[in-house]
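S.K.: First the structure, then my questions, so here it is.
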Amino acid sequence: MGSYAGRARAVIERSALVNRRNWLLVVSGVFEPLFYLFALGIGFGGIVGNLTGPDGSPISYAAYVAPGLLAASAMNGAIHDSTFNIFLKLKYAKVYDAMLATPLGPTDVALGETSWSLIRGGIYAAGFLAVMAVLGLISSPWALLALPAALLVAFGFAAVGMGAATLMRSWQDFDLILLVQMPMFLFSTTFFPIGVYPEPIRIAVECFPLYHGIELMRALTSGAVTWGILGHVAYFAIMVALGGWFAARRLGTLLLT
């Protein structure tokens with residue numbers, strides 16, 4: 001009761017106003033996946049040659065890597081904004097204490113901050129998707145849905161990331177975030193097919209959220225769209241629901257008690 005006032009947009013507006021002078025920092029996340037694409041997808045790809053795409057047809061290594069980097073860019077942008085920034089505002093700047101002195105409630109704060117992380121992740125994904133189109137790495141009109149899919153991926157990671165940030169006790173605890181984020185980026189079929197793994201490791205990789213994001217992106221950009229992609233969508237819908245609920249609950253506990 002009283003945890004939601006329907007004014008989450010005020011939190012989003014505040015984040016936009018704060019970052020309007022730091023727009024270069026906001027868009028800088030677009031460049032990291034580009035470096036990986038040019039160095040590995042295009043440079044190293046000349047040695048690797050073609051791989052088997054989701055539909056069974058051969059595709060270039062750059063076209064195989066690019067959707068994985070698209071999902072990873074959405075993940076990285078959302079996690080960065082929903083963990084480090086949230087922790088700073090919660091523990092040191094005391095921004096949320098000031099917010100709760102207004103008609104805003106903990107759920108407004110959680111929804112607003114998660115939505116801003118979603119916007120930031122969407123900016124990264126949109127920029128990288130445009131580069132993919134220019135380089136001819138998109139082969140299907142289904143790619144028009146890749147941006148909404150990237151927003152869903154970002155939303156899932158932002159919701160879970162914000163919930164995790166409320167559990168952090170000090171800056172050293174963020175090593176745990178990186179300990180999870182980096183292996184997901186390297187092993188979730190971003191750079192090589194899942195068939196290279198032994199069966200036990202393959203099952204573990206298939207549980208990673210980034211794996212489902214990459215498979216969703218790869219299906220849309222290559223045109224290999226089946227009913228199976230609904231499973232990937234459902235995975236992130238559950239992440240959004242559970243992560244958002246947990247983040248709102250934790251914020252209420254930390255700020256109202």
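To be explicit about the labels: the chains of the structure tokens are called A, B, and onward in the order shown, and within each one the residues are counted from 1, while ligands get numbers from 1 in the order they are shown.
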Would you please give, as a list in words, all residues of stretch 51-191 of chain A that DSSP assigns to strand (DSSP E) based on the backbone?

M.R.: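 Everything in stretch 51-191 of chain A that counts as strand (DSSP E) is Leu51, Thr52, Pro58, Ile59 and Ser60 of chain A.
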
S.K.: Might you pull out every residue within 10 Å of A:Asp97, with only C-alpha atoms counted and same-chain residues fewer than 5 positions away left off, and present them as a PyMOL selection string?

M.R.: chain A and resi 89-91+102+106+254-256

S.K.: Hey, could you make a per-residue contact list for stretch 134-213 of chain A against stretch 77-86 of chain A with 8 Å as the cut-off, showing the nearest pair of atoms and its distance in Å to one decimal, counting only C-alpha atoms, sorted by chain and number, as a Markdown table?

M.R.:
```
| residue | atom | partner | partner_atom | distance |
| --- | --- | --- | --- | --- |
| A:Ala154 | CA | A:Ala78 | CA | 5.3 |
| A:Phe155 | CA | A:Ala78 | CA | 7.2 |
| A:Phe157 | CA | A:Ile79 | CA | 6.1 |
| A:Ala158 | CA | A:Ala78 | CA | 4.9 |
| A:Ala159 | CA | A:Ser82 | CA | 7.6 |
| A:Gly161 | CA | A:Ser82 | CA | 5.4 |
| A:Met162 | CA | A:Ser82 | CA | 4.8 |
| A:Ala164 | CA | A:Thr83 | CA | 7.1 |
| A:Ala165 | CA | A:Thr83 | CA | 4.9 |
| A:Phe174 | CA | A:Phe84 | CA | 7.9 |
```

S.K.: For N, CA, C and O atoms, I'd like the residues from the last selection saved as a short mmCIF file (atom, residue, chain, number, x, y, z; two decimals), in the first residue's frame.

M.R.:
```
data_model
loop_
_atom_site.label_atom_id
_atom_site.label_comp_id
_atom_site.auth_asym_id
_atom_site.auth_seq_id
_atom_site.Cartn_x
_atom_site.Cartn_y
_atom_site.Cartn_z
N ALA A 154 17.28 -6.09 -22.79
CA ALA A 154 17.78 -5.06 -21.88
C ALA A 154 16.89 -4.94 -20.65
O ALA A 154 17.37 -4.78 -19.53
N PHE A 155 15.57 -5.03 -20.85
CA PHE A 155 14.62 -4.91 -19.74
C PHE A 155 14.82 -6.04 -18.73
O PHE A 155 14.79 -5.84 -17.51
N PHE A 157 17.58 -7.85 -18.16
CA PHE A 157 18.83 -7.68 -17.42
C PHE A 157 18.77 -6.48 -16.48
O PHE A 157 19.36 -6.50 -15.39
N ALA A 158 18.07 -5.42 -16.88
CA ALA A 158 17.96 -4.25 -16.02
C ALA A 158 17.17 -4.57 -14.75
O ALA A 158 17.54 -4.14 -13.65
N ALA A 159 16.08 -5.31 -14.90
CA ALA A 159 15.27 -5.66 -13.73
C ALA A 159 16.05 -6.52 -12.75
O ALA A 159 16.06 -6.27 -11.54
N GLY A 161 19.35 -6.81 -12.67
CA GLY A 161 20.50 -6.05 -12.21
C GLY A 161 20.16 -5.11 -11.07
O GLY A 161 20.93 -4.97 -10.11
N MET A 162 19.01 -4.46 -11.16
CA MET A 162 18.61 -3.56 -10.09
C MET A 162 18.34 -4.33 -8.81
O MET A 162 18.70 -3.87 -7.71
N ALA A 164 19.81 -7.07 -7.96
CA ALA A 164 21.12 -7.46 -7.44
C ALA A 164 21.83 -6.28 -6.77
O ALA A 164 22.52 -6.45 -5.76
N ALA A 165 21.66 -5.08 -7.32
CA ALA A 165 22.31 -3.89 -6.75
C ALA A 165 21.84 -3.61 -5.33
O ALA A 165 22.59 -3.10 -4.50
N PHE A 174 30.84 -5.82 -6.43
CA PHE A 174 30.56 -5.77 -7.87
C PHE A 174 31.48 -6.68 -8.66
O PHE A 174 31.25 -6.92 -9.84
#
```

S.K.: Could you tell me which of A:Pro33, A:Gly45, A:Pro200, A:Gly156 comes closest to A:Gly213 if we count only C-alpha atoms?

M.R.: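 Among A:Pro33, A:Gly45, A:Pro200, A:Gly156, it is A:Gly156 that comes nearest to A:Gly213.
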
S.K.: Can you pull out every residue within 7 Å of A:Leu51, counting only C-alpha atoms, but drop anything in the same chain fewer than 6 positions away, and send it as a list of chain:residue names?

M.R.: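 Result of the neighbour search: A:Pro58, A:Ile59, A:Ser60, A:Tyr61.
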
S.K.: I need the residues from that last selection saved to file as a compact mmCIF listing (two decimals), in the first residue's frame (with N, CA and C atoms), if you can.

M.R.:
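Result file out28.txt:
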```
# COMPACT_ATOMS: atom_id res chain seq x y z
N PRO A 58 24.90 -21.76 -44.94
CA PRO A 58 26.16 -21.15 -44.52
C PRO A 58 26.05 -19.63 -44.41
N ILE A 59 26.67 -19.06 -43.39
CA ILE A 59 26.73 -17.61 -43.22
C ILE A 59 28.17 -17.24 -42.86
N SER A 60 28.52 -16.00 -43.14
CA SER A 60 29.87 -15.53 -42.81
C SER A 60 30.04 -15.47 -41.29
N TYR A 61 31.28 -15.53 -40.86
CA TYR A 61 31.53 -15.47 -39.42
C TYR A 61 31.07 -14.14 -38.84
```

S.K.: Please determine, counting only C-alpha atoms, which residue among A:Ile203, A:Met239, A:Val233, A:Leu251 has the shortest atom-to-atom distance to A:Glu215.

M.R.: A:Val233

S.K.: Between atom CA of A:Ser73 and atom CA of A:Gly56, measure the distance and give it in Å to one decimal.

M.R.: 25.7 Å

S.K.: Could you work out how far atom CA of A:Glu32 lies from atom CA of A:Val225, giving the answer in Å with one decimal?

M.R.: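 Computing the Euclidean distance for atom CA of A:Val225 and atom CA of A:Glu32 yields 27.8 Å.
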
S.K.: Do you know which residues are at most 8 Å from A:Leu70 counting only C-alpha atoms, after dropping those on the same chain fewer than 3 positions away, and could you put them as a CSV table (one decimal) with N, CA and C atoms, in the first residue's frame?

M.R.:
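So the final result, stored in result.csv, reads:
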```csv
chain,number,residue,atom,x,y,z
A,33,PRO,N,31.0,-3.1,-28.7
A,33,PRO,CA,30.7,-4.2,-29.6
A,33,PRO,C,31.2,-4.0,-31.0
A,66,ALA,N,27.7,-11.0,-35.2
A,66,ALA,CA,27.0,-9.8,-35.0
A,66,ALA,C,25.8,-9.8,-34.1
A,67,PRO,N,24.8,-10.8,-34.4
A,67,PRO,CA,23.6,-10.9,-33.5
A,67,PRO,C,24.0,-11.1,-32.0
A,73,SER,N,25.4,-6.2,-26.3
A,73,SER,CA,25.4,-4.7,-26.1
A,73,SER,C,24.2,-4.3,-25.3
A,74,ALA,N,23.0,-4.9,-25.6
A,74,ALA,CA,21.8,-4.6,-24.8
A,74,ALA,C,22.0,-5.0,-23.3
A,125,ALA,N,21.8,-0.9,-28.6
A,125,ALA,CA,21.3,-1.9,-29.5
A,125,ALA,C,21.0,-1.3,-30.9
A,128,PHE,N,24.2,-0.3,-32.8
A,128,PHE,CA,24.8,-1.5,-33.4
A,128,PHE,C,24.0,-2.1,-34.5
A,129,LEU,N,22.7,-2.1,-34.4
A,129,LEU,CA,21.8,-2.7,-35.4
A,129,LEU,C,22.0,-1.9,-36.7
A,150,ALA,N,15.7,-6.6,-28.6
A,150,ALA,CA,16.9,-6.1,-27.8
A,150,ALA,C,16.4,-5.3,-26.6
A,214,ILE,N,20.8,-14.2,-27.4
A,214,ILE,CA,21.6,-14.4,-28.7
A,214,ILE,C,20.8,-15.2,-29.7
A,217,MET,N,18.1,-13.1,-31.2
A,217,MET,CA,18.6,-12.1,-32.2
A,217,MET,C,19.1,-12.9,-33.5
```

S.K.: Might you pull out every residue within 12 Å of A:Leu104, with only C-alpha atoms counted and same-chain residues fewer than 6 positions away left off, and present them as an NGL selection string?

M.R.: :A and (2-11 or 96-98 or 110-112 or 252)

S.K.: Within 7 Å of A:Leu151, counting only C-alpha atoms, which residues qualify if same-chain residues fewer than 5 places away don't, as a PDB file with N, CA, C and O atoms, in the first residue's frame?

M.R.:
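Okay, this is what ended up in out_20.pdb:
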```
ATOM      1  N   LEU A 118      16.635   0.415 -19.553  1.00  0.00           N
ATOM      2  CA  LEU A 118      16.105  -0.123 -20.801  1.00  0.00           C
ATOM      3  C   LEU A 118      16.377   0.831 -21.957  1.00  0.00           C
ATOM      4  O   LEU A 118      16.791   0.419 -23.048  1.00  0.00           O
ATOM      5  N   GLY A 121      20.147   0.674 -22.786  1.00  0.00           N
ATOM      6  CA  GLY A 121      20.441  -0.542 -23.525  1.00  0.00           C
ATOM      7  C   GLY A 121      19.881  -0.503 -24.933  1.00  0.00           C
ATOM      8  O   GLY A 121      20.494  -1.012 -25.878  1.00  0.00           O
ATOM      9  N   GLY A 122      18.712   0.125 -25.098  1.00  0.00           N
ATOM     10  CA  GLY A 122      18.120   0.262 -26.423  1.00  0.00           C
ATOM     11  C   GLY A 122      18.936   1.152 -27.338  1.00  0.00           C
ATOM     12  O   GLY A 122      19.024   0.895 -28.543  1.00  0.00           O
TER      13      GLY A 122
END
```

S.K.: Between A:Thr52, A:Gly163, A:Val180, A:Gly228, which one has atoms that come closest to A:Gly195, using only C-alpha atoms?

M.R.: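 So, comparing all the options, the nearest one is A:Thr52.
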
S.K.: From a DSSP pass on the backbone, collect the residues of stretch 16-218 of chain A flagged as helix (DSSP H, G or I) and hand them back as an NGL selection string.

M.R.: :A and (16-48 or 61-92 or 95-99 or 106-134 or 141-165 or 171-187 or 194-196 or 199-205 or 209-218)

S.K.: If we count only C-alpha atoms and set the cut-off at 10 Å, which residues sit around A:Thr189, ignoring sequence neighbours fewer than 6 positions away in its own chain? Please answer as an NGL selection string.

M.R.: :A and (64-65 or 68 or 195-197 or 202 or 205-206 or 210-212 or 214-215)

S.K.: Output N, CA, C and O atoms of each residue in that selection to a file, as a PDB file, in the first residue's frame.

M.R.:
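As a result, selection_22.pdb now contains:
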```
ATOM      1  N   TYR A  64      27.497 -14.258 -38.220  1.00  0.00           N
ATOM      2  CA  TYR A  64      27.195 -15.131 -37.085  1.00  0.00           C
ATOM      3  C   TYR A  64      27.459 -14.412 -35.765  1.00  0.00           C
ATOM      4  O   TYR A  64      26.667 -14.504 -34.813  1.00  0.00           O
ATOM      5  N   VAL A  65      28.547 -13.661 -35.686  1.00  0.00           N
ATOM      6  CA  VAL A  65      28.950 -13.000 -34.443  1.00  0.00           C
ATOM      7  C   VAL A  65      28.085 -11.775 -34.149  1.00  0.00           C
ATOM      8  O   VAL A  65      27.761 -11.489 -32.987  1.00  0.00           O
ATOM      9  N   GLY A  68      25.048 -11.926 -31.799  1.00  0.00           N
ATOM     10  CA  GLY A  68      25.481 -12.159 -30.431  1.00  0.00           C
ATOM     11  C   GLY A  68      25.974 -10.890 -29.772  1.00  0.00           C
ATOM     12  O   GLY A  68      25.673 -10.612 -28.598  1.00  0.00           O
ATOM     13  N   GLY A 195      27.547 -26.289 -30.213  1.00  0.00           N
ATOM     14  CA  GLY A 195      27.918 -27.678 -30.460  1.00  0.00           C
ATOM     15  C   GLY A 195      29.355 -28.006 -30.097  1.00  0.00           C
ATOM     16  O   GLY A 195      29.709 -29.183 -30.028  1.00  0.00           O
ATOM     17  N   VAL A 196      30.201 -27.022 -29.856  1.00  0.00           N
ATOM     18  CA  VAL A 196      31.596 -27.285 -29.505  1.00  0.00           C
ATOM     19  C   VAL A 196      31.732 -27.729 -28.051  1.00  0.00           C
ATOM     20  O   VAL A 196      32.796 -28.215 -27.656  1.00  0.00           O
ATOM     21  N   TYR A 197      30.677 -27.574 -27.236  1.00  0.00           N
ATOM     22  CA  TYR A 197      30.754 -27.906 -25.825  1.00  0.00           C
ATOM     23  C   TYR A 197      30.401 -29.367 -25.576  1.00  0.00           C
ATOM     24  O   TYR A 197      29.565 -29.939 -26.289  1.00  0.00           O
ATOM     25  N   ARG A 202      27.060 -27.766 -22.211  1.00  0.00           N
ATOM     26  CA  ARG A 202      26.040 -27.263 -23.131  1.00  0.00           C
ATOM     27  C   ARG A 202      24.734 -26.998 -22.389  1.00  0.00           C
ATOM     28  O   ARG A 202      24.081 -25.973 -22.610  1.00  0.00           O
ATOM     29  N   VAL A 205      25.145 -23.792 -20.377  1.00  0.00           N
ATOM     30  CA  VAL A 205      25.113 -22.598 -21.228  1.00  0.00           C
ATOM     31  C   VAL A 205      23.687 -22.273 -21.650  1.00  0.00           C
ATOM     32  O   VAL A 205      23.294 -21.098 -21.717  1.00  0.00           O
ATOM     33  N   GLU A 206      22.887 -23.281 -21.916  1.00  0.00           N
ATOM     34  CA  GLU A 206      21.507 -23.062 -22.331  1.00  0.00           C
ATOM     35  C   GLU A 206      20.652 -22.458 -21.225  1.00  0.00           C
ATOM     36  O   GLU A 206      19.544 -21.983 -21.495  1.00  0.00           O
ATOM     37  N   LEU A 210      21.773 -14.717 -21.435  1.00  0.00           N
ATOM     38  CA  LEU A 210      22.330 -14.149 -22.660  1.00  0.00           C
ATOM     39  C   LEU A 210      22.238 -15.130 -23.817  1.00  0.00           C
ATOM     40  O   LEU A 210      22.065 -14.724 -24.976  1.00  0.00           O
ATOM     41  N   TYR A 211      22.346 -16.417 -23.537  1.00  0.00           N
ATOM     42  CA  TYR A 211      22.198 -17.424 -24.591  1.00  0.00           C
ATOM     43  C   TYR A 211      20.838 -17.285 -25.268  1.00  0.00           C
ATOM     44  O   TYR A 211      20.738 -17.325 -26.503  1.00  0.00           O
ATOM     45  N   HIS A 212      19.780 -17.109 -24.485  1.00  0.00           N
ATOM     46  CA  HIS A 212      18.441 -16.973 -25.057  1.00  0.00           C
ATOM     47  C   HIS A 212      18.320 -15.671 -25.842  1.00  0.00           C
ATOM     48  O   HIS A 212      17.647 -15.622 -26.875  1.00  0.00           O
ATOM     49  N   ILE A 214      20.807 -14.172 -27.438  1.00  0.00           N
ATOM     50  CA  ILE A 214      21.567 -14.350 -28.680  1.00  0.00           C
ATOM     51  C   ILE A 214      20.798 -15.209 -29.672  1.00  0.00           C
ATOM     52  O   ILE A 214      20.741 -14.898 -30.870  1.00  0.00           O
ATOM     53  N   GLU A 215      20.217 -16.292 -29.191  1.00  0.00           N
ATOM     54  CA  GLU A 215      19.447 -17.152 -30.091  1.00  0.00           C
ATOM     55  C   GLU A 215      18.257 -16.403 -30.694  1.00  0.00           C
ATOM     56  O   GLU A 215      17.921 -16.584 -31.869  1.00  0.00           O
TER      57      GLU A 215
END
```
